$ cat structure.cif   # mmCIF, C-alpha atoms
data_protein
loop_
_atom_site.label_atom_id
_atom_site.label_comp_id
_atom_site.auth_asym_id
_atom_site.auth_seq_id
_atom_site.Cartn_x
_atom_site.Cartn_y
_atom_site.Cartn_z
CA MET U 80 -12.60 20.55 -6.52
CA VAL U 81 -10.32 18.93 -3.99
CA ALA U 82 -8.32 21.33 -1.87
CA SER U 83 -5.29 19.77 -0.24
CA ASP U 84 -4.21 20.33 3.32
CA PRO U 85 -0.54 21.32 3.52
CA ARG U 86 0.07 18.32 5.70
CA ALA U 87 1.79 15.81 3.47
CA GLY U 88 4.92 13.72 3.43
CA ALA U 89 6.71 10.68 2.10
CA MET U 90 8.67 7.68 3.27
CA ALA U 91 10.92 5.21 1.48
CA LEU U 92 9.80 1.62 1.09
CA LEU U 93 12.96 -0.36 0.52
CA ALA U 94 13.16 -3.22 3.00
CA GLU U 95 10.71 -5.44 4.82
CA ARG U 96 11.18 -3.43 8.02
CA ASP U 97 9.64 -0.45 6.21
CA ILE U 98 6.28 -2.29 6.06
CA VAL U 99 6.07 -2.04 9.86
CA ALA U 100 7.16 1.63 9.79
CA CYS U 101 4.55 2.33 7.10
CA ARG U 102 1.78 0.74 9.20
CA GLN U 103 2.85 2.83 12.21
CA LEU U 104 2.85 6.05 10.20
CA VAL U 105 -0.58 5.33 8.70
CA ARG U 106 -1.95 4.46 12.15
CA LYS U 107 -0.69 7.79 13.53
CA LEU U 108 -2.22 9.74 10.61
CA ALA U 109 -5.55 7.90 10.80
CA GLN U 110 -5.72 8.53 14.54
CA GLU U 111 -4.97 12.23 14.05
CA LEU U 112 -7.83 12.35 11.56
CA LYS U 113 -10.04 10.68 14.18
CA PHE U 114 -10.94 7.74 11.98
CA THR U 115 -13.06 5.13 13.76
CA LEU U 116 -11.16 2.06 14.93
CA VAL U 117 -12.59 -0.01 12.08
CA ASP U 118 -11.64 2.62 9.49
CA GLN U 119 -8.14 2.90 10.99
CA THR U 120 -7.75 -0.86 10.81
CA LYS U 121 -8.91 -0.98 7.19
CA MET U 122 -6.54 1.81 6.11
CA ILE U 123 -3.56 0.31 7.97
CA THR U 124 -4.28 -3.13 6.49
CA ALA U 125 -4.51 -1.69 2.96
CA ALA U 126 -1.22 0.16 3.53
CA SER U 127 0.38 -3.06 4.76
CA GLU U 128 -0.68 -4.94 1.61
CA LEU U 129 0.35 -2.19 -0.79
CA SER U 130 3.69 -1.41 0.88
CA ARG U 131 4.56 -5.09 0.72
CA ASN U 132 3.69 -5.11 -3.00
CA THR U 133 5.93 -2.08 -3.53
CA ILE U 134 8.85 -3.76 -1.77
CA VAL U 135 8.45 -7.37 -2.87
CA TYR U 136 7.09 -7.02 -6.41
CA GLY U 137 8.06 -3.44 -7.27
CA GLN U 138 11.65 -3.80 -6.08
CA GLY U 139 11.21 -0.89 -3.70
CA GLY U 140 9.81 2.60 -3.97
CA GLU U 141 8.07 5.07 -1.73
CA MET U 142 4.78 5.98 -0.08
CA ARG U 143 3.58 9.55 -0.22
CA TRP U 144 0.79 10.64 2.08
CA GLU U 145 -1.51 13.61 2.11
CA ILE U 146 -4.38 14.78 4.25
CA VAL U 147 -7.05 15.84 1.78
CA THR U 148 -10.26 17.77 2.21
CA GLU U 149 -13.29 17.97 -0.04
CA GLY U 150 -16.01 20.30 1.13
CA LEU U 151 -16.60 19.47 4.77
CA ARG U 152 -15.02 16.05 4.74
CA SER U 153 -11.38 15.16 5.19
CA GLY U 154 -9.51 12.02 4.40
CA LEU U 155 -6.18 10.32 4.05
CA ARG U 156 -4.65 9.68 0.65
CA LEU U 157 -1.72 7.33 0.20
CA VAL U 158 0.30 6.86 -2.97
CA PHE U 159 2.48 3.77 -3.36
CA GLU U 160 4.93 4.09 -6.22
CA ASP U 161 7.65 1.83 -7.53
CA HIS U 162 9.78 1.61 -10.64
CA GLY U 163 9.57 -2.15 -10.89
CA PRO U 164 8.37 -4.37 -13.74
CA GLY U 165 4.80 -3.06 -13.80
CA ILE U 166 1.71 -5.21 -14.24
CA ALA U 167 0.84 -6.50 -17.71
CA ASP U 168 -2.83 -7.31 -17.14
CA THR U 169 -4.39 -4.95 -14.60
CA ALA U 170 -7.87 -6.49 -14.87
CA LEU U 171 -6.38 -9.86 -13.98
CA ALA U 172 -4.26 -8.32 -11.20
CA LEU U 173 -7.42 -6.96 -9.60
CA THR U 174 -9.06 -10.37 -9.56
CA ASP U 175 -9.17 -12.28 -6.28
CA GLY U 176 -6.70 -15.11 -6.35
CA TRP U 177 -4.33 -13.63 -8.92
CA THR U 178 -0.73 -13.60 -7.82
CA SER U 179 2.58 -13.01 -9.51
CA GLY U 180 4.51 -14.36 -6.60
CA THR U 181 4.09 -16.16 -3.36
CA GLY U 182 1.12 -14.28 -1.96
CA MET U 183 -2.49 -15.31 -1.70
CA GLY U 184 -3.39 -13.00 -4.52
CA ILE U 185 -5.70 -10.74 -2.61
CA GLY U 186 -3.33 -7.86 -1.87
CA LEU U 187 -4.51 -5.57 -4.67
CA SER U 188 -8.13 -6.66 -4.99
CA GLY U 189 -8.55 -6.89 -1.22
CA SER U 190 -7.07 -3.50 -0.43
CA ARG U 191 -9.37 -1.94 -3.02
CA ARG U 192 -12.32 -3.14 -0.92
CA LEU U 193 -10.86 -1.53 2.21
CA VAL U 194 -10.78 2.03 0.90
CA ASN U 195 -13.19 4.52 -0.67
CA ASP U 196 -11.13 5.49 -3.73
CA PHE U 197 -8.63 3.25 -5.48
CA GLU U 198 -6.58 4.05 -8.56
CA LEU U 199 -4.06 1.75 -10.22
CA HIS U 200 -1.64 3.15 -12.77
CA THR U 201 0.97 0.81 -14.18
CA VAL U 202 3.25 0.68 -17.18
CA VAL U 203 5.12 -2.50 -18.04
CA GLY U 204 8.84 -1.92 -17.62
CA GLU U 205 8.35 1.42 -15.86
CA GLY U 206 6.52 0.79 -12.62
CA THR U 207 3.31 0.86 -10.69
CA ARG U 208 1.48 3.54 -8.76
CA VAL U 209 -1.48 2.77 -6.53
CA THR U 210 -3.41 5.67 -5.00
CA ILE U 211 -5.90 5.02 -2.22
CA THR U 212 -8.10 7.40 -0.26
CA ARG U 213 -10.25 6.79 2.75
CA TRP U 214 -12.65 9.52 3.86
CA ARG U 215 -13.68 10.18 7.42
CA MET Z 222 15.53 -10.62 14.52
CA ASP Z 223 12.85 -10.94 17.22
CA ARG Z 224 11.50 -14.40 17.92
CA ILE Z 225 8.13 -15.00 19.47
CA PRO Z 226 8.29 -17.12 22.64
CA ILE Z 227 6.42 -20.42 22.69
CA LEU Z 228 5.27 -21.58 26.16
CA LYS Z 229 4.41 -25.15 27.03
CA MET Z 230 1.41 -25.76 29.31
CA GLY Z 231 0.73 -29.44 29.82
CA ARG Z 232 0.18 -30.87 26.35
CA CYS Z 233 -0.51 -27.47 24.83
CA LEU Z 234 1.70 -24.79 23.37
CA LEU Z 235 0.80 -21.16 24.00
CA VAL Z 236 1.95 -18.32 21.79
CA THR Z 237 1.15 -14.70 22.55
CA ILE Z 238 1.95 -12.28 19.77
CA GLN Z 239 2.68 -8.92 21.32
CA VAL Z 240 4.68 -7.12 18.66
CA ASP Z 241 3.83 -5.58 15.31
CA LEU Z 242 4.95 -8.56 13.22
CA LEU Z 243 7.76 -8.36 10.72
CA ASP Z 244 7.19 -10.81 7.86
CA GLN Z 245 10.40 -12.63 8.84
CA THR Z 246 9.26 -12.93 12.47
CA ALA Z 247 5.99 -14.49 11.34
CA LEU Z 248 7.85 -16.96 9.11
CA ALA Z 249 10.20 -17.83 11.98
CA LEU Z 250 7.20 -18.53 14.20
CA GLN Z 251 5.90 -20.99 11.59
CA ASP Z 252 9.20 -22.91 11.69
CA ASP Z 253 9.66 -22.70 15.48
CA LEU Z 254 6.13 -23.91 16.16
CA SER Z 255 6.46 -26.90 13.82
CA GLU Z 256 9.64 -27.93 15.63
CA ARG Z 257 8.10 -27.47 19.08
CA ILE Z 258 5.01 -29.50 18.14
CA ALA Z 259 7.28 -32.33 17.04
CA ALA Z 260 9.58 -32.03 20.09
CA THR Z 261 6.79 -31.90 22.68
CA ALA Z 262 4.12 -34.04 20.95
CA ALA Z 263 1.70 -31.24 21.75
CA HIS Z 264 -2.00 -31.93 21.24
CA GLY Z 265 -3.02 -28.32 21.01
CA VAL Z 266 -1.62 -24.95 20.05
CA LEU Z 267 -3.13 -21.66 21.12
CA ILE Z 268 -2.10 -18.46 19.37
CA ASP Z 269 -3.29 -15.29 21.12
CA ILE Z 270 -3.49 -12.39 18.66
CA SER Z 271 -5.42 -9.98 20.91
CA ALA Z 272 -2.54 -7.50 20.79
CA LEU Z 273 -2.42 -7.50 16.98
CA GLU Z 274 -3.91 -4.31 15.54
CA ILE Z 275 -4.07 -5.71 12.04
CA VAL Z 276 -3.89 -9.06 10.28
CA ASP Z 277 -3.03 -8.69 6.62
CA SER Z 278 -2.94 -11.37 3.92
CA PHE Z 279 0.64 -12.30 4.79
CA VAL Z 280 -0.06 -13.00 8.46
CA GLY Z 281 -3.40 -14.58 7.51
CA ARG Z 282 -1.65 -16.97 5.16
CA ILE Z 283 0.86 -17.89 7.87
CA LEU Z 284 -1.92 -18.61 10.38
CA ALA Z 285 -3.61 -20.85 7.81
CA THR Z 286 -0.31 -22.61 7.06
CA ILE Z 287 0.48 -23.16 10.74
CA SER Z 288 -3.01 -24.57 11.20
CA GLY Z 289 -2.42 -27.01 8.34
CA ILE Z 290 1.01 -28.06 9.62
CA ALA Z 291 -0.37 -28.56 13.14
CA ALA Z 292 -3.21 -30.74 11.83
CA ILE Z 293 -0.80 -32.97 9.90
CA MET Z 294 1.31 -33.30 13.05
CA GLY Z 295 -1.70 -34.33 15.11
CA ALA Z 296 -2.27 -31.06 16.94
CA THR Z 297 -5.23 -28.70 16.94
CA LEU Z 298 -4.55 -24.99 16.44
CA VAL Z 299 -6.87 -22.36 17.87
CA VAL Z 300 -6.38 -18.66 17.14
CA VAL Z 301 -7.83 -16.59 19.96
CA GLY Z 302 -8.52 -12.95 20.78
CA MET Z 303 -8.98 -11.42 17.36
CA GLN Z 304 -10.19 -7.84 17.77
CA PRO Z 305 -13.59 -7.09 16.16
CA ALA Z 306 -12.11 -4.41 13.88
CA VAL Z 307 -9.52 -6.93 12.69
CA ALA Z 308 -12.23 -9.52 11.97
CA ILE Z 309 -14.30 -6.99 9.98
CA THR Z 310 -11.25 -5.95 7.97
CA LEU Z 311 -10.19 -9.55 7.27
CA VAL Z 312 -13.58 -10.42 5.84
CA GLU Z 313 -13.63 -7.35 3.58
CA LEU Z 314 -10.08 -8.07 2.51
CA GLY Z 315 -11.32 -11.45 1.36
CA LEU Z 316 -9.49 -13.68 3.84
CA SER Z 317 -11.73 -16.36 5.24
CA LEU Z 318 -8.99 -18.18 7.20
CA ASP Z 319 -10.39 -21.49 5.97
CA GLY Z 320 -9.67 -24.34 8.33
CA VAL Z 321 -8.39 -22.10 11.12
CA ARG Z 322 -10.27 -22.66 14.37
CA THR Z 323 -10.88 -19.55 16.40
CA ALA Z 324 -12.18 -18.64 19.85
CA LEU Z 325 -12.96 -15.32 21.48
CA ASP Z 326 -10.35 -15.57 24.24
CA VAL Z 327 -7.70 -17.82 25.77
CA GLU Z 328 -10.14 -19.42 28.21
CA ARG Z 329 -12.59 -20.44 25.48
CA GLY Z 330 -9.70 -21.55 23.29
CA MET Z 331 -8.41 -23.83 26.05
CA ALA Z 332 -11.88 -25.30 26.53
CA LEU Z 333 -12.04 -26.01 22.79
CA LEU Z 334 -8.67 -27.78 22.89
CA GLN Z 335 -9.68 -29.86 25.90
CA ALA Z 336 -12.94 -30.86 24.21
CA SER Z 337 -11.11 -31.84 21.04
CA GLU Z 338 -8.59 -33.89 23.03
CA ARG Z 339 -11.38 -35.76 24.82
CA ALA Z 340 -13.13 -36.41 21.51
CA HIS Z 341 -9.95 -37.99 20.17
CA GLY Z 342 -9.54 -40.18 23.24
CA GLY Z 343 -6.52 -38.30 24.48
CA VAL Z 344 -5.06 -38.97 27.89
#
$ encode --input "structure.cif" --output "structure tokens"
Amino acid sequence: MVASDPRAGAMALLAERDIVACRQLVRKLAQELKFTLVDQTKMITAASELSRNTIVYGQGGEMRWEIVTEGLRSGLRLVFEDHGPGIADTALALTDGWTSGTGMGIGLSGSRRLVNDFELHTVVGEGTRVTITRWR
Amino acid sequence: MDRIPILKMGRCLLVTIQVDLLDQTALALQDDLSERIAATAAHGVLIDISALEIVDSFVGRILATISGIAAIMGATLVVVGMQPAVAITLVELGLSLDGVRTALDVERGMALLQASERAHGGV
């Protein structure tokens, strides 16, 4: 049973400038949660990759954040959601080197390695939602 | 849009990244550096990223591209000052920065450039 802390919020991801704002917000949250420097860096990097995906490939969307607790541990959960084209082959999309655009193709697969929990939900023609959680 | 200053020191170019990079700023740096290497016939380029709190795949790709461009133009690129947490994260992300030379700090980076210039019979 995961009980959620009331602290939660959202921000729009519409333009490239929002990637920087997203990184700054995630840094602030991770610092408040007293993540180690390495854990902060991993979470911010994952947020940078996923917010760029939302903006560049998902044609814009939003990031919702939530401070979650489970028993004695707390963590940061981020949800990146867009209403873009979706991903046809999720297994392929999670393979290193796969890219639909101009990237190196490690945004999705790489950010999965930087967090504890990773969930990809996508429907072709409707959009993509990536949920990541990193525990303290 | 912000542009990152490029300083000339002898036959080297020195770039210190001190802002949280917008994608466009990083792309502009790629273009500006290529032009400055051509204009100054620089032998070495030093990019100091010690102030960068993260390097994601976008910035990583740009560093690798700049390194490739510099090599074709006869210059050696050295990326210096990467924070340990950034290095750990890069490796887990899956970015190996193939072909990008690195050094712990500006001083060691300069020594590397000088050694490489001597090896190539530079003046």
$ closest_atom_pairs --input "structure.cif" --of "chain Z" --to "chain U" --cutoff "10 Å" --atoms "all atoms listed in the file" --output "tab-separated table"
residue	atom	partner	partner_atom	distance
Z:Asp241	CA	U:Val99	CA	6.9
Z:Leu242	CA	U:Val99	CA	7.4
Z:Leu243	CA	U:Arg96	CA	6.6
Z:Asp244	CA	U:Glu95	CA	7.1
Z:Gln245	CA	U:Glu95	CA	8.2
Z:Glu274	CA	U:Thr120	CA	7.0
Z:Ile275	CA	U:Thr124	CA	6.1
Z:Val276	CA	U:Thr124	CA	7.0
Z:Asp277	CA	U:Thr124	CA	5.7
Z:Ser278	CA	U:Gly186	CA	6.8
Z:Phe279	CA	U:Gly182	CA	7.1
Z:Gly281	CA	U:Met183	CA	9.3
Z:Arg282	CA	U:Met183	CA	7.1
Z:Gln304	CA	U:Val117	CA	10.0
Z:Pro305	CA	U:Val117	CA	8.2
Z:Ala306	CA	U:Val117	CA	4.8
Z:Val307	CA	U:Thr120	CA	6.6
Z:Ala308	CA	U:Val117	CA	9.5
Z:Ile309	CA	U:Val117	CA	7.5
Z:Thr310	CA	U:Lys121	CA	5.5
Z:Leu311	CA	U:Lys121	CA	8.7
Z:Val312	CA	U:Gly189	CA	9.4
Z:Glu313	CA	U:Arg192	CA	6.3
Z:Leu314	CA	U:Gly189	CA	4.2
Z:Gly315	CA	U:Gly189	CA	5.9
Z:Leu316	CA	U:Ile185	CA	8.0
$ closest_residue --input "structure.cif" --among "Z:Gly330, Z:Pro226, Z:Gly231, Z:Gly265" --to "Ala296 of chain Z" --atoms "all atoms listed in the file"
Z:Gly265
$ residues_around --input "structure.cif" --residues "Leu325 of chain Z" --least-positions-apart "3" --cutoff "7 Å" --atoms "only C-alpha atoms" --output "PyMOL selection string"
chain Z and resi 301-303+329
$ residues_around --input "structure.cif" --residues "Leu199 of chain U" --least-positions-apart "6" --cutoff "9 Å" --atoms "only C-alpha atoms" --output "PyMOL selection string"
chain U and resi 169+207-211
$ write_last_selection --input "structure.cif" --atoms "C-alpha atoms" --output "compact mmCIF listing (two decimals), in the frame of the given file"
# COMPACT_ATOMS: atom_id res chain seq x y z
CA THR U 169 -4.39 -4.95 -14.60
CA THR U 207 3.31 0.86 -10.69
CA ARG U 208 1.48 3.54 -8.76
CA VAL U 209 -1.48 2.77 -6.53
CA THR U 210 -3.41 5.67 -5.00
CA ILE U 211 -5.90 5.02 -2.22
$ resolve_selection --input "structure.cif" --expression "the PyMOL selection byres ((chain Z and resi 268-272) around 6)" --output "NGL selection string"
:Z and (236-239 or 267 or 273 or 300-303)
$ resolve_selection --input "structure.cif" --expression "the PyMOL selection byres ((chain U and resi 214) around 9)" --output "PyMOL selection string"
chain U and resi 114+118+147-148+152-156+194-196+212-213+215
$ residues_around --input "structure.cif" --residues "Arg232 of chain Z" --least-positions-apart "4" --cutoff "8 Å" --atoms "only C-alpha atoms" --output "NGL selection string"
:Z and (261-265)
$ resolve_selection --input "structure.cif" --expression "the PyMOL selection byres ((chain U and resi 159-165) around 8)" --output "CSV table (one decimal) with C-alpha atoms, keeping the file's coordinate frame"
chain,number,residue,atom,x,y,z
U,129,LEU,CA,0.4,-2.2,-0.8
U,130,SER,CA,3.7,-1.4,0.9
U,133,THR,CA,5.9,-2.1,-3.5
U,136,TYR,CA,7.1,-7.0,-6.4
U,137,GLY,CA,8.1,-3.4,-7.3
U,138,GLN,CA,11.6,-3.8,-6.1
U,139,GLY,CA,11.2,-0.9,-3.7
U,140,GLY,CA,9.8,2.6,-4.0
U,141,GLU,CA,8.1,5.1,-1.7
U,142,MET,CA,4.8,6.0,-0.1
U,143,ARG,CA,3.6,9.6,-0.2
U,157,LEU,CA,-1.7,7.3,0.2
U,158,VAL,CA,0.3,6.9,-3.0
U,166,ILE,CA,1.7,-5.2,-14.2
U,167,ALA,CA,0.8,-6.5,-17.7
U,201,THR,CA,1.0,0.8,-14.2
U,202,VAL,CA,3.2,0.7,-17.2
U,203,VAL,CA,5.1,-2.5,-18.0
U,204,GLY,CA,8.8,-1.9,-17.6
U,205,GLU,CA,8.4,1.4,-15.9
U,206,GLY,CA,6.5,0.8,-12.6
U,207,THR,CA,3.3,0.9,-10.7
U,208,ARG,CA,1.5,3.5,-8.8
U,209,VAL,CA,-1.5,2.8,-6.5
U,210,THR,CA,-3.4,5.7,-5.0
$ closest_residue --input "structure.cif" --among "Z:Ile287, Z:Leu254, Z:Val240, Z:Ile293" --to "Arg322 of chain Z" --atoms "only C-alpha atoms"
Z:Ile287
$ atom_distance --input "structure.cif" --atom1 "atom CA of Glu256 of chain Z" --atom2 "atom CA of Val280 of chain Z"
19.2 Å
